[in-house]
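Q: Sharing a structure with you now.
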Number of protein chains: 4
Amino acid sequence: MAQISLDDLNAMDGPGFMRALGDIFEHAPWVAEAVAAARPFRSLAALHDAMTRAVRATDAQTRRALIAGHPDLAGKAARAGTLTAASEAEQSSAGLDRLSEEEFAQFHRLNDAYRSKFGLPFIICVRRHTKDSILRQFERRLQNGVAAETKAALTEVFRIGALRLDQRVEAHDRLKVHGRLSTHVLDTHAGHPAAGVTIELLELPVHGEPRLIAKATTNLDGRSDQPLIGGRPIPIGRYELRFHVGDYFARLGTPQGDPPFLDVVPVQFAVAEPEGHYHVPLLVTPWSYSTYRGS
Amino acid sequence: MAQISLDDLNAMDGPGFMRALGDIFEHAPWVAEAVAAARPFRSLAALHDAMTRAVRATDAQTRRALIAGHPDLAGKAARAGTLTAASEAEQSSAGLDRLSEEEFAQFHRLNDAYRSKFGLPFIICVRRHTKDSILRQFERRLQNGVAAETKAALTEVFRIGALRLDQRVEAHDRLKVHGRLSTHVLDTHAGHPAAGVTIELLELPVHGEPRLIAKATTNLDGRSDQPLIGGRPIPIGRYELRFHVGDYFARLGTPQGDPPFLDVVPVQFAVAEPEGHYHVPLLVTPWSYSTYRGS
Amino acid sequence: MAQISLDDLNAMDGPGFMRALGDIFEHAPWVAEAVAAARPFRSLAALHDAMTRAVRATDAQTRRALIAGHPDLAGKAARAGTLTAASEAEQSSAGLDRLSEEEFAQFHRLNDAYRSKFGLPFIICVRRHTKDSILRQFERRLQNGVAAETKAALTEVFRIGALRLDQRVEAHDRLKVHGRLSTHVLDTHAGHPAAGVTIELLELPVHGEPRLIAKATTNLDGRSDQPLIGGRPIPIGRYELRFHVGDYFARLGTPQGDPPFLDVVPVQFAVAEPEGHYHVPLLVTPWSYSTYRGS
Amino acid sequence: MAQISLDDLNAMDGPGFMRALGDIFEHAPWVAEAVAAARPFRSLAALHDAMTRAVRATDAQTRRALIAGHPDLAGKAARAGTLTAASEAEQSSAGLDRLSEEEFAQFHRLNDAYRSKFGLPFIICVRRHTKDSILRQFERRLQNGVAAETKAALTEVFRIGALRLDQRVEAHDRLKVHGRLSTHVLDTHAGHPAAGVTIELLELPVHGEPRLIAKATTNLDGRSDQPLIGGRPIPIGRYELRFHVGDYFARLGTPQGDPPFLDVVPVQFAVAEPEGHYHVPLLVTPWSYSTYRGS
């Protein structure tokens with residue numbers, strides 16, 4: 001669905017507003033309906049705030065129905081192709097549409113266990129997760145009592161709504177739903193930024209092969225022109241940056257041994273805060289390097 | 001064959017000396033014979049020196065015959081089980097007895113090309129190499145002219161002899177045929193050596209799976225009790241050290257994110273000098289690390 | 001003199017233009033006169049370029065007279081108070097108005113030696129230098145032949161003119177006459193920027209006491225709100241950054257020994273490129289730190 | 001007094017034993033007397049242990065007299081030259097014989113305050129301290145209650161005795177009374193130890209000028225041949241290592257800016273554990289360096 005401006009949303013008639021935002025909360029157009037009369041909203045944050053307050057203002061049964069309206073993760077709806085468009089895109093982002101038979105069976109078992117304990121589908125804002133962290137959250141939340149788990153599920157419902165809203169509506173402000181993963185390479189042998197270094201970013205699943213998710217070449221300032229991940233949450237999970245410094249020093253004619261002591265430098269790290277800023281630079285000579293979580 | 005002391009070698013009768021050192025140079029007992037009368041030797045270095053001078057003192061044809069007496073690498077003799085014991089152990093050290101069909105074919109092609117160009121087997125001191133670096137040397141030396149290649153082959157013959165001699169003879173001195181690969185882990189978060197860190201050393205072949213070649217746990221001084229490689233050449237090739245720092249910081253209760261920002265820290269590097277000392281330490285906090293070729 | 005916009009300069013009558021830019025080149029209003037008819041200039045760079053071309057287009061005698069029109073450094077004119085306002089401010093920036101008797105005598109000797117060799121005053125763009133680097137340049141350039149030294153002097157005349165022009169004229173572009181010195185502090189013990197760290201920047205003269213030239217406290221991003229030096233050349237010379245990390249870690253309650261292993265961390269470095277960007281950060285735990293020339 | 005071997009001590013007659021060890025505890029020969037009959041001692045540790053047990057076995061009054069037998073720090077006995085030889089050498093080691101009038105007055109005030117509160121001289125093992133840390137301990141211990149302070153004083157008496165005993169007696173074991181301060185310099189630009197680097201170690205008093213206490217040049221392994229401080233406690237205090245890396249890189253012809261970005265690298269740190277091992281290395285390129293408390 002195309003983006004729409006906050007100004008336009010504020011000016012629309014009721015049916016238009018419902019068409020625009022009726023699906024922000026899954027199968028719950030009543031949330032949009034509840035805030036339509038409170039227009040105009042001065043900011044996206046104010047609109048999102050109104051919607052979450054509308055949900056919190058309802059009774060427990062309504063909130064439970066809101067939760068119940070979500071599909072299972074990697075469930076039968078996904079296989080049958082009956083997900084809403086938003087849900088389908090979300091589940092695909094974490095690779096839930098590419099599960100092995102074994103993983104599918106694991107999700108199935110967890111879904112069943114969760115439903116039989118809580119009588120509800122397991123809800124998680126999948127854009128903030130990799131497959132591995134979804135499974136970890138799943139295991140953990142299965143240990144919750146009903147009250148804690150209801151609260152946890154609602155938090156996820158709000159996160160899903162915030163991401164959808166931020167994608168849908170253009171405004172002067174943004175919701176705090178995006179992280180950033182960036183790097184830079186400093187050549188401490190020559191004392192200047194390392195330009196022309198190839199960098200790969202891979203996701204490292206617990207099982208299975210690493211998956212390339214971004215590739216860049218450093219510019220004259222030793223940075224990638226764009227963040228490696230930006231404008232979206234960084235899925236919780238493990239990653240590897242691969243810095244091709246052997247080729248870089250070879251182009252400069254810097255002595256580095258034969259074969260070079262360093263060639264492709266792997267830096268493995270985990271992301272725990274999807275909305276955080278992860279700056280993971282490399283300070284490098286042909287014989288040494290440092291890396292750190294910077295800012 | 002058991003070790004023998006330099007003193008005993010100096011005191012032996014001629015046949016005993018020949019039994020002890022006749023096979024130091026492959027199929028060339030005449031080298032030992034040539035130096036027997038020069039006894040006593042005051043050091044292993046003096047003995048080795050005498051043997052190499054004996055080889056250099058011969059005519060070109062004899063030296064060529066010395067080279068010709070060596071078996072092909074991964075050749076038919078190896079498959080047929082007709083290698084000398086020394087050659088068999090040497091070829092096995094670089095994994096030449098575990099080649100895939102494809103690799104075997106590649107060696108076969110290179111052996112043929114080499115023999116048809118130089119009329120000799122390709123000689124290399126395999127204990128100083130991994131399979132990958134043997135193949136690289138093979139390709140490079142095929143480009144040599146006859147004079148340069150004869151010199152290169154003789155250098156390898158001497159290296160093989162020196163290693164055999166150093167293994168065979170016990171003396172107050174050692175030949176400079178051994179390298180050392182060591183590491184230590186410093187916890188710069190707490191300001192002391194990191195004890196109890198699991199470290200793995202893997203060989204990284206260009207093709208195929210990494211191969212675990214050493215494993216250690218750091219002691220109270222942050223070091224492994226023994227060097228990861230010592231008392232032998234470090235084969236030229238690429239390696240990965242894997243430092244399990246996530247477990248270490250978890251045991252100490254050091255805050256490190258969930259999942260931890262760092263967990264297993266991989267450090268990949270190449271060895272270019274088999275007789276060198278490679279000290280590759282890790283200075284680490286839960287949020288940063290440095291590594292370098294130290295001493 | 002107040003700033004004037006490039007647009008206004010382009011629109012002015014001749015006398016107004018001369019009043020505005022007649023003193024950009026010391027005692028040489030003819031340079032401005034020579035370019036007045038070439039107006040309008042589209043950029044400050046184009047204006048500066050026209051002026052330098054006007055100088056280069058003249059004969060050797062005129063250029064020599066331009067050089068001759070400059071005052072001695074720390075000379076009698078300075079003591080007598082007969083410098084142009086621009087020259088006075090410039091000489092003061094490098095501390096030439098605060099010389100000891102000994103230093104004054106040294107300048108006097110060098111001025112005399114230079115005049116007797118070249119028949120001209122020694123010219124240098126003092127805003128790009130500390131007292132120490134002026135003396136060093138003085139000694140070096142005294143070794144020059146006439147041709148090389150005339151070229152060197154003219155380069156300095158252009159640098160002085162560029163700085164004056166950039167200060168005087170407001171335009172959409174700036175001349176490349178400014179450097180930047182900045183820092184940031186990263187707490188690699190906690191894995192985030194170090195906020196609230198006091199930082200001092202001192203100039204380190206070869207003789208005499210260090211001189212405090214900037215002081216800042218790091219913000220939430222571990223940086224100073226303003227660069228420590230910006231909007232002007234960084235004088236060539238030696239500097240010390242002093243990072244008060246002991247107080248910082250004490251406020252956080254981070255264990256650091258008694259007395260703390262680190263307290264005030266001094267980082268000494270030299271600036272060689274006054275128009276360069278020097279970013280000199282500190283990565284620090286209570287037990288370790290790194291610094292480097294970054295970007 | 002000359003060293004004596006533990007074996008000789010074990011074999012001596014009583015008067016000889018008393019002559020050898022009667023002054024280990026200040027003005028308290030009865031301590032040596034108390035242990036003479038327990039000979040032979042198998043180790044220096046066993047001898048020291050016996051002596052401390054002999055002191056602890058006495059009544060409070062005797063222990064108080066033992067404490068009372070010590071001279072004031074920087075007191076009248078020192079000025080009058082009536083200290084025991086051991087006390088004189090000890091007080092000189094911390095510079096207590098080189099106090100300014102102001103510092104002498106400060107010690108005088110503290111001595112008086114301490115005597116009027118506890119009726120005893122203030123005892124501290126001065127070889128473990130700089131002047132600054134003695135003053136800091138003095139201020140702190142003045143806050144103690146009588147019981148805590150008596151315990152603190154006795155601890156110092158034992159430390160003094162242990163150091164005297166370790167100096168006096170030669171045995172197969174040593175008491176744990178010595179620290180070690182060492183460094184090494186690694187050139188991470190070239191990937192090998194930095195040889196020929198001049199290193200100075202200075203003590204940094206709170207007031208007054210830094211005092212050079214050791215100077216060394218790195219050997220081929222990038223280390224000083226001897227530890228900068230060894231075979232004695234490292235006085236608690238602040239220090240500066242000065243690494244002359246600019247000269248080093250200049251000799252190698254390594255490009256490093258003009259003037260060099262780094263020249264003399266100062267590393268300031270405090271020692272808090274006189275018997276600890278402080279290894280403070282420098283990893284350095286012309287554009288970056290790291291340092292840390294290593295092992």
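The way I read the labels, and the way they are meant: chains A, B, ... in the order of the structure tokens, residue 1 as the first residue of every chain, and ligand 1 as the first ligand shown, with later ones counted on from there.
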Write out as an NGL selection string which residues come within 9 Å of Gln3 in chain D when counting only C-alpha atoms, dropping same-chain ones fewer than 4 positions away.
A: :D and (167-170)
Q: Env of Arg56 in chain D: 12 Å cut, atoms = only C-alpha atoms, seq-sep filter 3 positions within chain, self excluded. Answer as a PyMOL selection string.
A: chain D and resi 31+34+49-53+59-64+66+151+154-155+157-158
Q: Taking only C-alpha atoms into account and nothing else, which residues of chain A lie no more than 9 Å away from chain D? Please answer as a VMD selection string.
A: chain A and resid 188 to 192 255 to 256 285 to 288
Q: At a cut-off of 9 Å, using only C-alpha atoms, what residues contact Ile67 in chain A? Leave out same-chain residues fewer than 6 positions from it and give the result as a list of chain:residue names.
A: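 Residues near the query, excluding close chain neighbours: A:Glu26, A:Leu120, A:Pro121, A:Phe122, A:Ile123, A:Thr150, A:Ala153, A:Leu154, A:Val157.
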Q: Among range 30-213 of chain B, which ones does DSSP place in strand (DSSP E or B), written as a PDB file with C-alpha atoms, in the first residue's frame?
A:
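Wrote states31.pdb, looks like this:
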ATOM      1  CA  HIS B 129      53.621 -26.576   4.196  1.00  0.00           C
ATOM      2  CA  VAL B 169      70.131 -36.722  16.900  1.00  0.00           C
ATOM      3  CA  GLU B 170      70.130 -35.498  20.457  1.00  0.00           C
ATOM      4  CA  GLY B 179      58.571 -22.472  14.690  1.00  0.00           C
ATOM      5  CA  ARG B 180      56.200 -21.599  17.491  1.00  0.00           C
ATOM      6  CA  LEU B 181      52.582 -20.479  17.513  1.00  0.00           C
ATOM      7  CA  SER B 182      51.289 -19.146  20.795  1.00  0.00           C
ATOM      8  CA  HIS B 184      47.407 -15.236  25.315  1.00  0.00           C
ATOM      9  CA  VAL B 185      44.178 -13.602  26.366  1.00  0.00           C
ATOM     10  CA  LEU B 186      44.072 -10.423  28.391  1.00  0.00           C
ATOM     11  CA  ASP B 187      40.811  -9.256  29.951  1.00  0.00           C
ATOM     12  CA  HIS B 192      44.114  -9.093  34.367  1.00  0.00           C
ATOM     13  CA  PRO B 193      44.874 -12.210  32.316  1.00  0.00           C
ATOM     14  CA  THR B 198      38.755 -22.130  25.591  1.00  0.00           C
ATOM     15  CA  ILE B 199      40.845 -21.614  22.456  1.00  0.00           C
ATOM     16  CA  GLU B 200      40.714 -23.628  19.268  1.00  0.00           C
ATOM     17  CA  LEU B 201      43.200 -23.516  16.426  1.00  0.00           C
ATOM     18  CA  LEU B 202      41.937 -24.527  13.010  1.00  0.00           C
ATOM     19  CA  GLU B 203      43.678 -24.863   9.688  1.00  0.00           C
ATOM     20  CA  ARG B 211      40.363 -28.703  10.437  1.00  0.00           C
ATOM     21  CA  LEU B 212      40.853 -28.492  14.215  1.00  0.00           C
ATOM     22  CA  ILE B 213      44.539 -28.914  14.979  1.00  0.00           C
TER      23      ILE B 213
END
Q: Among range 7-154 of chain D, which residues does DSSP mark as helix (DSSP H, G or I) when it is run on the backbone? Keep the chain and numbering as in the structure and answer as an NGL selection string.
A: :D and (7-11 or 14-21 or 30-36 or 44-56 or 60-68 or 76-80 or 85-93 or 96-98 or 101-118 or 126-128 or 131-142 or 146-154)
Q: Quick one: residues within 12 Å of Gln226 in chain D, only C-alpha atoms counted, chain neighbours fewer than 2 positions away excluded, as an MDAnalysis selection string?
A: chainID D and resid 180:184 214:219 222:224 228:231
Q: To one decimal place, how far is CA of Leu135 in chain C from CA of Glu103 in chain C in Å?
A: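 So the answer is 9.6 Å.
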Q: If we count only C-alpha atoms and set the cut-off at 12 Å, which residues sit around Arg109 in chain A, ignoring sequence neighbours fewer than 4 positions away in its own chain? Please answer as a ChimeraX atom specification.
A: /A:72-75,102-105,113-116,122,135,138-139,142
Q: Find the distance between CA of Phe243 in chain C and CA of Pro259 in chain C and write it in Å to one decimal.
A: 16.7 Å
Q: Write out as a ChimeraX atom specification the residues lying within 9 Å of Ala28 in chain C, counting only C-alpha atoms and excluding same-chain residues fewer than 4 positions away.
A: /C:22-24,32,65-66,69
Q: Fewer than 3 positions away in the same chain doesn't count, so skip those; otherwise give me all residues within 12 Å of Arg174 in chain D, counting only C-alpha atoms, as a PyMOL selection string.
A: chain D and resi 6+43-48+162-171+177-178+231-232
